[in-house]
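Quick notes on the structure that follows.
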2 protein chains.
Amino acid sequence: MRISARTQYALGAMLALAVADRPVHAERIAVTQEIPRRFCDNILLQLRRAGLIRSQRGPDGGYWLARPAGQIALADVIRVTEGAEPPARPFSPAAAPLAEIWDRLRSHENALLSEITLADVIAAGDSNDSAVAGREVR
Amino acid sequence: MRISARTQYALGAMLALAVADRPVHAERIAVTQEIPRRFCDNILLQLRRAGLIRSQRGPDGGYWLARPAGQIALADVIRVTEGAEPPARPFSPAAAPLAEIWDRLRSHENALLSEITLADVIAAGDSNDSAVAGREVR
DNA sequence: ATTATTCCTACTTGTATAGTAGGAATGGTG
DNA sequence: CACCATTCCTACTATACAAGTAGGAATAAT
């Protein structure tokens, strides 16, 4: 797992949009999520191009989720900001059995992150005894 | 999980030592594991300093494992080459619930890699229907 | 027309990874 | 002892990527 600042910011922004019931300005997101203003623009643009959010220009413009928060998995966001990583490295044939292990790790990670939606995270944040912790992913 | 080339090489080297019954030259490891010669030295030195392998200089010198292969977990090796990573980033308070998720991911990863030893990997490589796959880590 | 906002490309700067260079120290062998 | 193969050590370079910045064009409301 490579949680880059960009990814963390993007998730924060998505959560901010998820809790709002109306379009939100980049400015507001930047402030509440503590994202450098210009960088925030940058990230929102990327999220929009990926189809995760929608936007409107001009005064009273802003951003909102393209789908309900319950239908956007963390993995959806992460895939956008991290890009598709090279599947793994075989390197020497002698170390090949390791590849299987990397695969298992990636699978588990992927399963977990595909299972948890923005709505889940918000729910976990509210009832501070986390709903997320209750889930089982194999 | 950040499988750097260095880590992959280090694991390959450790596996090479694990299957040998006598000290092995850096040269030989570099060739069989397809590690750039000089870089191989570099990595072996690091592994020795960490106490995972031992060495002897001069002709007929070489490297060997400091402990039996069954007592060296993949995590032991990875911890050396990757160094201790900063535990996670809270970032904005709004995105705080995410921290718990990162923790779960790291825990699982850690559990799996601490469970699997060099001996396990070698066994999985031999009986090509993997012994490793049979394990359960929660 | 003005103004607030999103949109877009390109740039800068810092840090980590991957790998290299040059040679000192050590130990076996003749 | 001389020689040579090997490990040992510090420091350097080169490249890539992450983080963030800059300047302004397009659009929409008033």
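Naming works like this for the structure tokens: A, B, ... for the chains as they're shown, residue 1 at the start of each chain, ligands 1 onward in shown order.
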
Find the residues of chain B that sit at most 6 Å from chain D; for each, write down the nearest two atoms and how far apart they are in Å, to one decimal. Count only C-alpha atoms (C1' of nucleotides). Sort by chain, then by number going up, and give it as CSV.
residue,atom,partner,partner_atom,distance
B:Arg57,CA,D:DT7,C1',4.7
B:Gly58,CA,D:DT6,C1',4.3
B:Pro59,CA,D:DA5,C1',4.8

With C-alpha atoms retained, could you export that selection as a PDB file, in the first residue's frame?
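As written to disk, result19.pdb reads:
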ATOM      1  CA  ARG B  57      36.434 -12.725   3.959  1.00  0.00           C
ATOM      2  CA  GLY B  58      39.225 -13.880   1.704  1.00  0.00           C
ATOM      3  CA  PRO B  59      39.289 -16.722  -0.806  1.00  0.00           C
TER       4      PRO B  59
END

Would you write out chain B as a short mmCIF file (atom, residue, chain, number, x, y, z; two decimals) with N, CA and C atoms, in the first residue's frame, after superposing it on chain A by least squares over all in-order Cα pairs?
data_model
loop_
_atom_site.label_atom_id
_atom_site.label_comp_id
_atom_site.auth_asym_id
_atom_site.auth_seq_id
_atom_site.Cartn_x
_atom_site.Cartn_y
_atom_site.Cartn_z
N MET B 1 0.72 -1.26 -0.18
CA MET B 1 -0.11 -0.04 -0.15
C MET B 1 0.76 1.20 -0.12
N ARG B 2 0.48 2.14 -1.02
CA ARG B 2 1.35 3.29 -1.12
C ARG B 2 0.66 4.60 -0.76
N ILE B 3 -0.02 4.77 0.30
CA ILE B 3 -0.84 5.95 0.53
C ILE B 3 -0.13 7.28 0.32
N SER B 4 -0.10 7.76 -0.91
CA SER B 4 0.54 9.04 -1.18
C SER B 4 -0.32 10.17 -0.63
N ALA B 5 0.31 11.32 -0.50
CA ALA B 5 -0.43 12.49 -0.02
C ALA B 5 -1.59 12.77 -0.97
N ARG B 6 -1.34 12.63 -2.23
CA ARG B 6 -2.38 12.87 -3.22
C ARG B 6 -3.61 12.00 -2.97
N THR B 7 -3.37 10.74 -2.72
CA THR B 7 -4.47 9.81 -2.47
C THR B 7 -5.22 10.16 -1.19
N GLN B 8 -4.45 10.44 -0.17
CA GLN B 8 -5.08 10.79 1.10
C GLN B 8 -5.95 12.04 0.93
N TYR B 9 -5.42 13.03 0.23
CA TYR B 9 -6.17 14.25 -0.04
C TYR B 9 -7.43 13.94 -0.85
N ALA B 10 -7.28 13.11 -1.86
CA ALA B 10 -8.41 12.79 -2.73
C ALA B 10 -9.52 12.14 -1.92
N LEU B 11 -9.14 11.23 -1.05
CA LEU B 11 -10.15 10.57 -0.23
C LEU B 11 -10.81 11.56 0.71
N GLY B 12 -10.01 12.44 1.27
CA GLY B 12 -10.57 13.47 2.14
C GLY B 12 -11.57 14.32 1.38
N ALA B 13 -11.22 14.71 0.18
CA ALA B 13 -12.11 15.53 -0.64
C ALA B 13 -13.40 14.78 -0.94
N MET B 14 -13.27 13.52 -1.29
CA MET B 14 -14.45 12.72 -1.61
C MET B 14 -15.36 12.61 -0.38
N LEU B 15 -14.77 12.43 0.77
CA LEU B 15 -15.56 12.35 2.00
C LEU B 15 -16.26 13.68 2.26
N ALA B 16 -15.56 14.76 2.00
CA ALA B 16 -16.16 16.08 2.20
C ALA B 16 -17.38 16.24 1.30
N LEU B 17 -17.25 15.76 0.07
CA LEU B 17 -18.38 15.86 -0.85
C LEU B 17 -19.51 14.92 -0.42
N ALA B 18 -19.11 13.80 0.14
CA ALA B 18 -20.12 12.80 0.53
C ALA B 18 -21.02 13.29 1.66
N VAL B 19 -20.47 14.08 2.55
CA VAL B 19 -21.28 14.56 3.67
C VAL B 19 -22.08 15.81 3.31
N ALA B 20 -21.71 16.48 2.22
CA ALA B 20 -22.44 17.69 1.83
C ALA B 20 -23.67 17.31 1.02
N ASP B 21 -24.69 18.18 1.08
CA ASP B 21 -25.89 17.89 0.31
C ASP B 21 -26.02 18.82 -0.89
N ARG B 22 -25.02 19.69 -1.05
CA ARG B 22 -25.05 20.61 -2.18
C ARG B 22 -23.62 20.72 -2.74
N PRO B 23 -23.48 21.29 -3.94
CA PRO B 23 -22.15 21.48 -4.51
C PRO B 23 -21.23 22.22 -3.53
N VAL B 24 -19.97 21.81 -3.51
CA VAL B 24 -19.00 22.42 -2.61
C VAL B 24 -17.86 23.02 -3.43
N HIS B 25 -17.44 24.19 -3.03
CA HIS B 25 -16.31 24.85 -3.70
C HIS B 25 -15.00 24.15 -3.40
N ALA B 26 -14.10 24.23 -4.35
CA ALA B 26 -12.75 23.73 -4.14
C ALA B 26 -12.12 24.43 -2.93
N GLU B 27 -12.38 25.71 -2.86
CA GLU B 27 -11.85 26.51 -1.75
C GLU B 27 -12.22 25.90 -0.40
N ARG B 28 -13.48 25.57 -0.27
CA ARG B 28 -13.97 25.03 0.99
C ARG B 28 -13.34 23.67 1.30
N ILE B 29 -13.25 22.85 0.28
CA ILE B 29 -12.63 21.54 0.47
C ILE B 29 -11.18 21.71 0.90
N ALA B 30 -10.49 22.61 0.23
CA ALA B 30 -9.08 22.83 0.55
C ALA B 30 -8.91 23.21 2.01
N VAL B 31 -9.80 24.09 2.48
CA VAL B 31 -9.67 24.55 3.87
C VAL B 31 -10.02 23.44 4.86
N THR B 32 -11.17 22.83 4.67
CA THR B 32 -11.60 21.83 5.66
C THR B 32 -10.70 20.60 5.67
N GLN B 33 -10.19 20.24 4.51
CA GLN B 33 -9.36 19.04 4.43
C GLN B 33 -7.88 19.34 4.54
N GLU B 34 -7.57 20.61 4.69
CA GLU B 34 -6.16 21.02 4.82
C GLU B 34 -5.32 20.58 3.62
N ILE B 35 -5.85 20.88 2.45
CA ILE B 35 -5.14 20.59 1.21
C ILE B 35 -4.65 21.91 0.63
N PRO B 36 -3.40 21.99 0.19
CA PRO B 36 -2.92 23.21 -0.45
C PRO B 36 -3.87 23.60 -1.58
N ARG B 37 -4.27 24.85 -1.60
CA ARG B 37 -5.34 25.31 -2.49
C ARG B 37 -5.19 24.84 -3.93
N ARG B 38 -4.07 25.16 -4.51
CA ARG B 38 -3.85 24.88 -5.92
C ARG B 38 -3.81 23.38 -6.21
N PHE B 39 -3.22 22.66 -5.27
CA PHE B 39 -3.10 21.20 -5.38
C PHE B 39 -4.50 20.58 -5.34
N CYS B 40 -5.36 21.19 -4.56
CA CYS B 40 -6.73 20.71 -4.42
C CYS B 40 -7.45 20.77 -5.77
N ASP B 41 -7.37 21.90 -6.43
CA ASP B 41 -7.89 22.06 -7.79
C ASP B 41 -7.45 20.89 -8.66
N ASN B 42 -6.15 20.74 -8.64
CA ASN B 42 -5.47 19.71 -9.41
C ASN B 42 -6.09 18.33 -9.20
N ILE B 43 -6.28 17.98 -7.97
CA ILE B 43 -6.80 16.66 -7.61
C ILE B 43 -8.27 16.53 -7.99
N LEU B 44 -9.04 17.58 -7.73
CA LEU B 44 -10.46 17.54 -8.08
C LEU B 44 -10.63 17.36 -9.58
N LEU B 45 -9.79 18.03 -10.32
CA LEU B 45 -9.84 17.91 -11.78
C LEU B 45 -9.64 16.44 -12.19
N GLN B 46 -8.68 15.84 -11.57
CA GLN B 46 -8.38 14.44 -11.87
C GLN B 46 -9.57 13.53 -11.52
N LEU B 47 -10.18 13.81 -10.39
CA LEU B 47 -11.33 13.00 -9.97
C LEU B 47 -12.50 13.18 -10.92
N ARG B 48 -12.66 14.40 -11.40
CA ARG B 48 -13.75 14.65 -12.33
C ARG B 48 -13.52 13.93 -13.65
N ARG B 49 -12.31 14.02 -14.14
CA ARG B 49 -11.99 13.35 -15.40
C ARG B 49 -12.20 11.86 -15.30
N ALA B 50 -12.00 11.34 -14.12
CA ALA B 50 -12.17 9.90 -13.90
C ALA B 50 -13.65 9.55 -13.75
N GLY B 51 -14.48 10.59 -13.69
CA GLY B 51 -15.91 10.34 -13.61
C GLY B 51 -16.44 10.09 -12.20
N LEU B 52 -15.63 10.35 -11.20
CA LEU B 52 -16.08 10.12 -9.82
C LEU B 52 -16.89 11.28 -9.28
N ILE B 53 -16.59 12.47 -9.78
CA ILE B 53 -17.34 13.64 -9.33
C ILE B 53 -17.79 14.45 -10.54
N ARG B 54 -18.72 15.35 -10.29
CA ARG B 54 -19.18 16.25 -11.34
C ARG B 54 -18.95 17.66 -10.86
N SER B 55 -19.06 18.62 -11.77
CA SER B 55 -18.74 19.99 -11.38
C SER B 55 -19.59 20.99 -12.15
N GLN B 56 -19.57 22.20 -11.65
CA GLN B 56 -20.25 23.31 -12.30
C GLN B 56 -19.38 24.53 -12.11
N ARG B 57 -19.18 25.31 -13.18
CA ARG B 57 -18.32 26.47 -13.08
C ARG B 57 -19.09 27.71 -12.64
N GLY B 58 -18.35 28.80 -12.51
CA GLY B 58 -18.95 30.08 -12.18
C GLY B 58 -19.32 30.19 -10.72
N PRO B 59 -19.79 31.38 -10.32
CA PRO B 59 -20.22 31.59 -8.94
C PRO B 59 -21.33 30.58 -8.65
N ASP B 60 -21.37 30.11 -7.44
CA ASP B 60 -22.34 29.06 -7.09
C ASP B 60 -22.05 27.77 -7.85
N GLY B 61 -20.83 27.66 -8.32
CA GLY B 61 -20.43 26.39 -8.92
C GLY B 61 -19.99 25.48 -7.81
N GLY B 62 -19.19 24.47 -8.16
CA GLY B 62 -18.69 23.57 -7.13
C GLY B 62 -18.62 22.14 -7.63
N TYR B 63 -18.41 21.26 -6.70
CA TYR B 63 -18.26 19.84 -7.03
C TYR B 63 -19.24 19.00 -6.22
N TRP B 64 -19.66 17.88 -6.80
CA TRP B 64 -20.47 16.91 -6.06
C TRP B 64 -20.18 15.52 -6.58
N LEU B 65 -20.58 14.53 -5.82
CA LEU B 65 -20.32 13.15 -6.21
C LEU B 65 -21.13 12.74 -7.43
N ALA B 66 -20.53 11.97 -8.29
CA ALA B 66 -21.23 11.50 -9.48
C ALA B 66 -22.20 10.37 -9.13
N ARG B 67 -21.91 9.65 -8.06
CA ARG B 67 -22.77 8.55 -7.62
C ARG B 67 -22.97 8.67 -6.11
N PRO B 68 -24.00 8.01 -5.59
CA PRO B 68 -24.19 8.02 -4.13
C PRO B 68 -22.95 7.49 -3.41
N ALA B 69 -22.72 8.01 -2.23
CA ALA B 69 -21.52 7.66 -1.47
C ALA B 69 -21.43 6.16 -1.18
N GLY B 70 -22.58 5.54 -1.13
CA GLY B 70 -22.61 4.09 -0.87
C GLY B 70 -22.18 3.27 -2.07
N GLN B 71 -22.05 3.95 -3.20
CA GLN B 71 -21.65 3.22 -4.42
C GLN B 71 -20.27 3.61 -4.91
N ILE B 72 -19.52 4.27 -4.04
CA ILE B 72 -18.14 4.61 -4.40
C ILE B 72 -17.20 3.96 -3.40
N ALA B 73 -16.45 3.01 -3.86
CA ALA B 73 -15.51 2.30 -2.99
C ALA B 73 -14.21 3.09 -2.88
N LEU B 74 -13.53 2.89 -1.79
CA LEU B 74 -12.23 3.54 -1.62
C LEU B 74 -11.31 3.16 -2.78
N ALA B 75 -11.40 1.91 -3.20
CA ALA B 75 -10.55 1.46 -4.31
C ALA B 75 -10.78 2.27 -5.57
N ASP B 76 -12.02 2.71 -5.78
CA ASP B 76 -12.32 3.51 -6.98
C ASP B 76 -11.50 4.79 -6.97
N VAL B 77 -11.41 5.39 -5.82
CA VAL B 77 -10.68 6.65 -5.70
C VAL B 77 -9.18 6.41 -5.81
N ILE B 78 -8.72 5.42 -5.10
CA ILE B 78 -7.28 5.13 -5.06
C ILE B 78 -6.76 4.75 -6.44
N ARG B 79 -7.57 3.99 -7.16
CA ARG B 79 -7.15 3.58 -8.50
C ARG B 79 -6.87 4.81 -9.37
N VAL B 80 -7.67 5.84 -9.16
CA VAL B 80 -7.49 7.07 -9.95
C VAL B 80 -6.21 7.79 -9.58
N THR B 81 -6.00 7.99 -8.30
CA THR B 81 -4.87 8.81 -7.88
C THR B 81 -3.53 8.07 -7.95
N GLU B 82 -3.57 6.79 -7.74
CA GLU B 82 -2.31 6.03 -7.77
C GLU B 82 -1.99 5.53 -9.17
N GLY B 83 -2.98 5.48 -10.02
CA GLY B 83 -2.75 4.91 -11.33
C GLY B 83 -2.59 3.41 -11.21
N ALA B 84 -2.63 2.71 -12.34
CA ALA B 84 -2.46 1.26 -12.30
C ALA B 84 -0.99 0.94 -12.09
N GLU B 85 -0.71 0.18 -11.05
CA GLU B 85 0.69 -0.15 -10.79
C GLU B 85 1.08 -1.38 -11.61
N PRO B 86 2.36 -1.44 -11.97
CA PRO B 86 2.86 -2.63 -12.66
C PRO B 86 2.61 -3.86 -11.80
N PRO B 87 1.98 -4.90 -12.34
CA PRO B 87 1.41 -6.02 -11.59
C PRO B 87 2.32 -6.68 -10.57
N ALA B 88 3.60 -6.68 -10.77
CA ALA B 88 4.59 -7.26 -9.85
C ALA B 88 5.84 -7.58 -10.65
N ARG B 89 6.90 -7.92 -9.98
CA ARG B 89 8.13 -8.22 -10.70
C ARG B 89 8.58 -9.64 -10.46
N PRO B 90 8.73 -10.43 -11.47
CA PRO B 90 9.28 -11.78 -11.28
C PRO B 90 10.73 -11.73 -10.82
N PHE B 91 11.53 -10.81 -11.39
CA PHE B 91 12.95 -10.71 -11.09
C PHE B 91 13.61 -12.05 -11.38
N SER B 92 14.44 -12.50 -10.50
CA SER B 92 15.13 -13.76 -10.77
C SER B 92 14.16 -14.93 -10.64
N PRO B 93 14.34 -15.96 -11.47
CA PRO B 93 13.49 -17.14 -11.38
C PRO B 93 13.59 -17.78 -9.99
N ALA B 94 14.76 -17.67 -9.37
CA ALA B 94 14.96 -18.28 -8.06
C ALA B 94 14.01 -17.70 -7.01
N ALA B 95 13.70 -16.43 -7.17
CA ALA B 95 12.84 -15.78 -6.18
C ALA B 95 11.37 -15.78 -6.61
N ALA B 96 11.08 -16.54 -7.63
CA ALA B 96 9.74 -16.55 -8.20
C ALA B 96 8.62 -16.88 -7.22
N PRO B 97 8.84 -17.83 -6.31
CA PRO B 97 7.75 -18.16 -5.38
C PRO B 97 7.24 -16.95 -4.61
N LEU B 98 8.06 -15.93 -4.54
CA LEU B 98 7.63 -14.72 -3.83
C LEU B 98 6.47 -14.05 -4.54
N ALA B 99 6.44 -14.18 -5.85
CA ALA B 99 5.40 -13.51 -6.63
C ALA B 99 4.01 -13.88 -6.13
N GLU B 100 3.88 -15.12 -5.78
CA GLU B 100 2.58 -15.59 -5.29
C GLU B 100 2.17 -14.84 -4.02
N ILE B 101 3.16 -14.60 -3.19
CA ILE B 101 2.88 -13.90 -1.94
C ILE B 101 2.48 -12.46 -2.20
N TRP B 102 3.21 -11.81 -3.09
CA TRP B 102 2.83 -10.43 -3.43
C TRP B 102 1.41 -10.41 -3.96
N ASP B 103 1.05 -11.39 -4.75
CA ASP B 103 -0.30 -11.47 -5.29
C ASP B 103 -1.34 -11.58 -4.19
N ARG B 104 -1.07 -12.44 -3.25
CA ARG B 104 -2.03 -12.60 -2.16
C ARG B 104 -2.22 -11.30 -1.41
N LEU B 105 -1.12 -10.61 -1.17
CA LEU B 105 -1.21 -9.35 -0.46
C LEU B 105 -2.05 -8.34 -1.24
N ARG B 106 -1.76 -8.26 -2.50
CA ARG B 106 -2.51 -7.30 -3.33
C ARG B 106 -3.98 -7.66 -3.39
N SER B 107 -4.28 -8.93 -3.49
CA SER B 107 -5.67 -9.36 -3.56
C SER B 107 -6.43 -8.95 -2.31
N HIS B 108 -5.82 -9.24 -1.19
CA HIS B 108 -6.50 -8.93 0.06
C HIS B 108 -6.75 -7.45 0.19
N GLU B 109 -5.73 -6.71 -0.10
CA GLU B 109 -5.81 -5.26 -0.04
C GLU B 109 -6.92 -4.76 -0.95
N ASN B 110 -6.92 -5.29 -2.14
CA ASN B 110 -7.90 -4.89 -3.13
C ASN B 110 -9.32 -5.24 -2.67
N ALA B 111 -9.46 -6.43 -2.13
CA ALA B 111 -10.77 -6.88 -1.66
C ALA B 111 -11.29 -5.93 -0.58
N LEU B 112 -10.43 -5.62 0.35
CA LEU B 112 -10.84 -4.76 1.45
C LEU B 112 -11.25 -3.38 0.95
N LEU B 113 -10.43 -2.80 0.11
CA LEU B 113 -10.68 -1.44 -0.35
C LEU B 113 -11.84 -1.36 -1.35
N SER B 114 -12.14 -2.47 -1.98
CA SER B 114 -13.27 -2.48 -2.90
C SER B 114 -14.57 -2.65 -2.14
N GLU B 115 -14.45 -3.18 -0.95
CA GLU B 115 -15.61 -3.49 -0.13
C GLU B 115 -16.10 -2.25 0.62
N ILE B 116 -15.18 -1.43 1.04
CA ILE B 116 -15.51 -0.27 1.87
C ILE B 116 -15.85 0.94 1.01
N THR B 117 -17.02 1.50 1.24
CA THR B 117 -17.43 2.67 0.47
C THR B 117 -17.26 3.94 1.29
N LEU B 118 -17.40 5.06 0.63
CA LEU B 118 -17.32 6.35 1.33
C LEU B 118 -18.37 6.39 2.44
N ALA B 119 -19.54 5.87 2.14
CA ALA B 119 -20.61 5.87 3.13
C ALA B 119 -20.20 5.09 4.38
N ASP B 120 -19.52 3.98 4.17
CA ASP B 120 -19.04 3.18 5.30
C ASP B 120 -18.11 3.99 6.19
N VAL B 121 -17.21 4.69 5.55
CA VAL B 121 -16.22 5.47 6.31
C VAL B 121 -16.91 6.55 7.12
N ILE B 122 -17.88 7.18 6.50
CA ILE B 122 -18.61 8.23 7.21
C ILE B 122 -19.37 7.65 8.40
N ALA B 123 -19.99 6.52 8.17
CA ALA B 123 -20.71 5.86 9.26
C ALA B 123 -19.76 5.51 10.39
N ALA B 124 -18.59 5.04 10.04
CA ALA B 124 -17.59 4.67 11.04
C ALA B 124 -17.15 5.91 11.82
N GLY B 125 -17.10 7.03 11.13
CA GLY B 125 -16.69 8.27 11.79
C GLY B 125 -17.75 8.77 12.76
N ASP B 126 -19.01 8.60 12.40
CA ASP B 126 -20.11 9.05 13.26
C ASP B 126 -20.16 8.24 14.54
N SER B 127 -20.70 7.03 14.42
CA SER B 127 -20.70 6.13 15.56
C SER B 127 -19.25 5.77 15.76
N ASN B 128 -18.59 6.48 16.67
CA ASN B 128 -17.13 6.37 16.63
C ASN B 128 -16.60 4.98 16.90
N ASP B 129 -17.49 4.09 17.38
CA ASP B 129 -17.07 2.71 17.45
C ASP B 129 -17.39 2.10 16.10
N SER B 130 -16.33 1.93 15.36
CA SER B 130 -16.38 1.74 13.92
C SER B 130 -17.23 0.61 13.34
N ALA B 131 -18.05 0.99 12.40
CA ALA B 131 -18.82 0.00 11.64
C ALA B 131 -17.89 -0.77 10.71
N VAL B 132 -16.86 -0.10 10.28
CA VAL B 132 -15.94 -0.71 9.33
C VAL B 132 -15.23 -1.91 9.94
N ALA B 133 -14.87 -1.78 11.20
CA ALA B 133 -14.12 -2.84 11.86
C ALA B 133 -14.89 -4.14 11.88
N GLY B 134 -16.20 -4.04 11.81
CA GLY B 134 -17.03 -5.24 11.86
C GLY B 134 -16.98 -6.09 10.62
N ARG B 135 -16.61 -5.50 9.53
CA ARG B 135 -16.64 -6.24 8.28
C ARG B 135 -15.61 -7.35 8.23
N GLU B 136 -15.91 -8.34 7.45
CA GLU B 136 -14.93 -9.41 7.24
C GLU B 136 -14.59 -9.51 5.76
N VAL B 137 -13.34 -9.46 5.46
CA VAL B 137 -12.94 -9.64 4.07
C VAL B 137 -11.90 -10.74 4.04
N ARG B 138 -12.10 -11.70 3.19
CA ARG B 138 -11.14 -12.81 3.16
C ARG B 138 -10.23 -12.73 1.97
#

Could you tell me which residues of chain C sit within 7 Å of chain B when counting only C-alpha atoms (C1' of nucleotides), and give me the result as an mmCIF file with N, CA and C atoms (P, O5', C5', C4', C3', O3' and C1' of nucleotides), in the first residue's frame?
data_model
loop_
_atom_site.group_PDB
_atom_site.id
_atom_site.type_symbol
_atom_site.label_atom_id
_atom_site.label_comp_id
_atom_site.auth_asym_id
_atom_site.auth_seq_id
_atom_site.Cartn_x
_atom_site.Cartn_y
_atom_site.Cartn_z
ATOM 1 P P DG C 19 18.766 -1.416 -10.402
ATOM 2 O "O5'" DG C 19 20.272 -0.927 -10.327
ATOM 3 C "C5'" DG C 19 20.603 0.143 -11.204
ATOM 4 C "C4'" DG C 19 21.866 0.789 -10.736
ATOM 5 C "C3'" DG C 19 23.053 -0.159 -10.581
ATOM 6 O "O3'" DG C 19 23.894 0.009 -11.712
ATOM 7 C "C1'" DG C 19 23.033 1.621 -9.002
ATOM 8 P P DT C 26 41.217 -5.731 9.303
ATOM 9 O "O5'" DT C 26 41.068 -7.102 8.535
ATOM 10 C "C5'" DT C 26 39.758 -7.543 8.225
ATOM 11 C "C4'" DT C 26 39.846 -8.800 7.404
ATOM 12 C "C3'" DT C 26 40.728 -9.889 8.004
ATOM 13 O "O3'" DT C 26 39.902 -11.014 8.129
ATOM 14 C "C1'" DT C 26 41.128 -9.640 5.690
ATOM 15 P P DG C 27 40.227 -12.105 9.250
ATOM 16 O "O5'" DG C 27 40.612 -13.333 8.306
ATOM 17 C "C5'" DG C 27 39.648 -13.781 7.374
ATOM 18 C "C4'" DG C 27 40.344 -14.527 6.268
ATOM 19 C "C3'" DG C 27 41.329 -15.608 6.741
ATOM 20 O "O3'" DG C 27 40.979 -16.793 6.079
ATOM 21 C "C1'" DG C 27 42.296 -14.275 5.056
ATOM 22 P P DG C 28 41.265 -18.202 6.724
ATOM 23 O "O5'" DG C 28 41.853 -19.034 5.492
ATOM 24 C "C5'" DG C 28 41.031 -19.275 4.362
ATOM 25 C "C4'" DG C 28 41.889 -19.271 3.112
ATOM 26 C "C3'" DG C 28 42.916 -20.409 3.042
ATOM 27 O "O3'" DG C 28 42.638 -21.140 1.858
ATOM 28 C "C1'" DG C 28 43.897 -18.333 2.450
#

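Secondary structure from DSSP on the backbone puts strand (DSSP E or B) at the following positions of segment 14-134 of chain B: B:Val24, B:Ile53, B:Arg54, B:Ser55, B:Gln56, B:Gly62, B:Tyr63, B:Trp64, B:Leu65, B:Ala73, B:Thr117.
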
Selection export as a PDB file, in the first residue's frame, atoms kept: C-alpha atoms:
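Result saved to again-v7.pdb:
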ATOM      1  CA  VAL B  24      28.239 -18.604  -1.015  1.00  0.00           C
ATOM      2  CA  ILE B  53      23.557 -13.310   7.643  1.00  0.00           C
ATOM      3  CA  ARG B  54      27.166 -13.936   8.539  1.00  0.00           C
ATOM      4  CA  SER B  55      30.248 -13.693   6.382  1.00  0.00           C
ATOM      5  CA  GLN B  56      33.865 -14.637   5.976  1.00  0.00           C
ATOM      6  CA  GLY B  62      31.265 -16.026   1.445  1.00  0.00           C
ATOM      7  CA  TYR B  63      27.949 -15.558   3.148  1.00  0.00           C
ATOM      8  CA  TRP B  64      25.562 -17.823   5.029  1.00  0.00           C
ATOM      9  CA  LEU B  65      22.405 -17.452   7.060  1.00  0.00           C
ATOM     10  CA  ALA B  73      10.517 -14.590   8.293  1.00  0.00           C
ATOM     11  CA  THR B 117       9.677 -18.046   6.531  1.00  0.00           C
TER      12      THR B 117
END
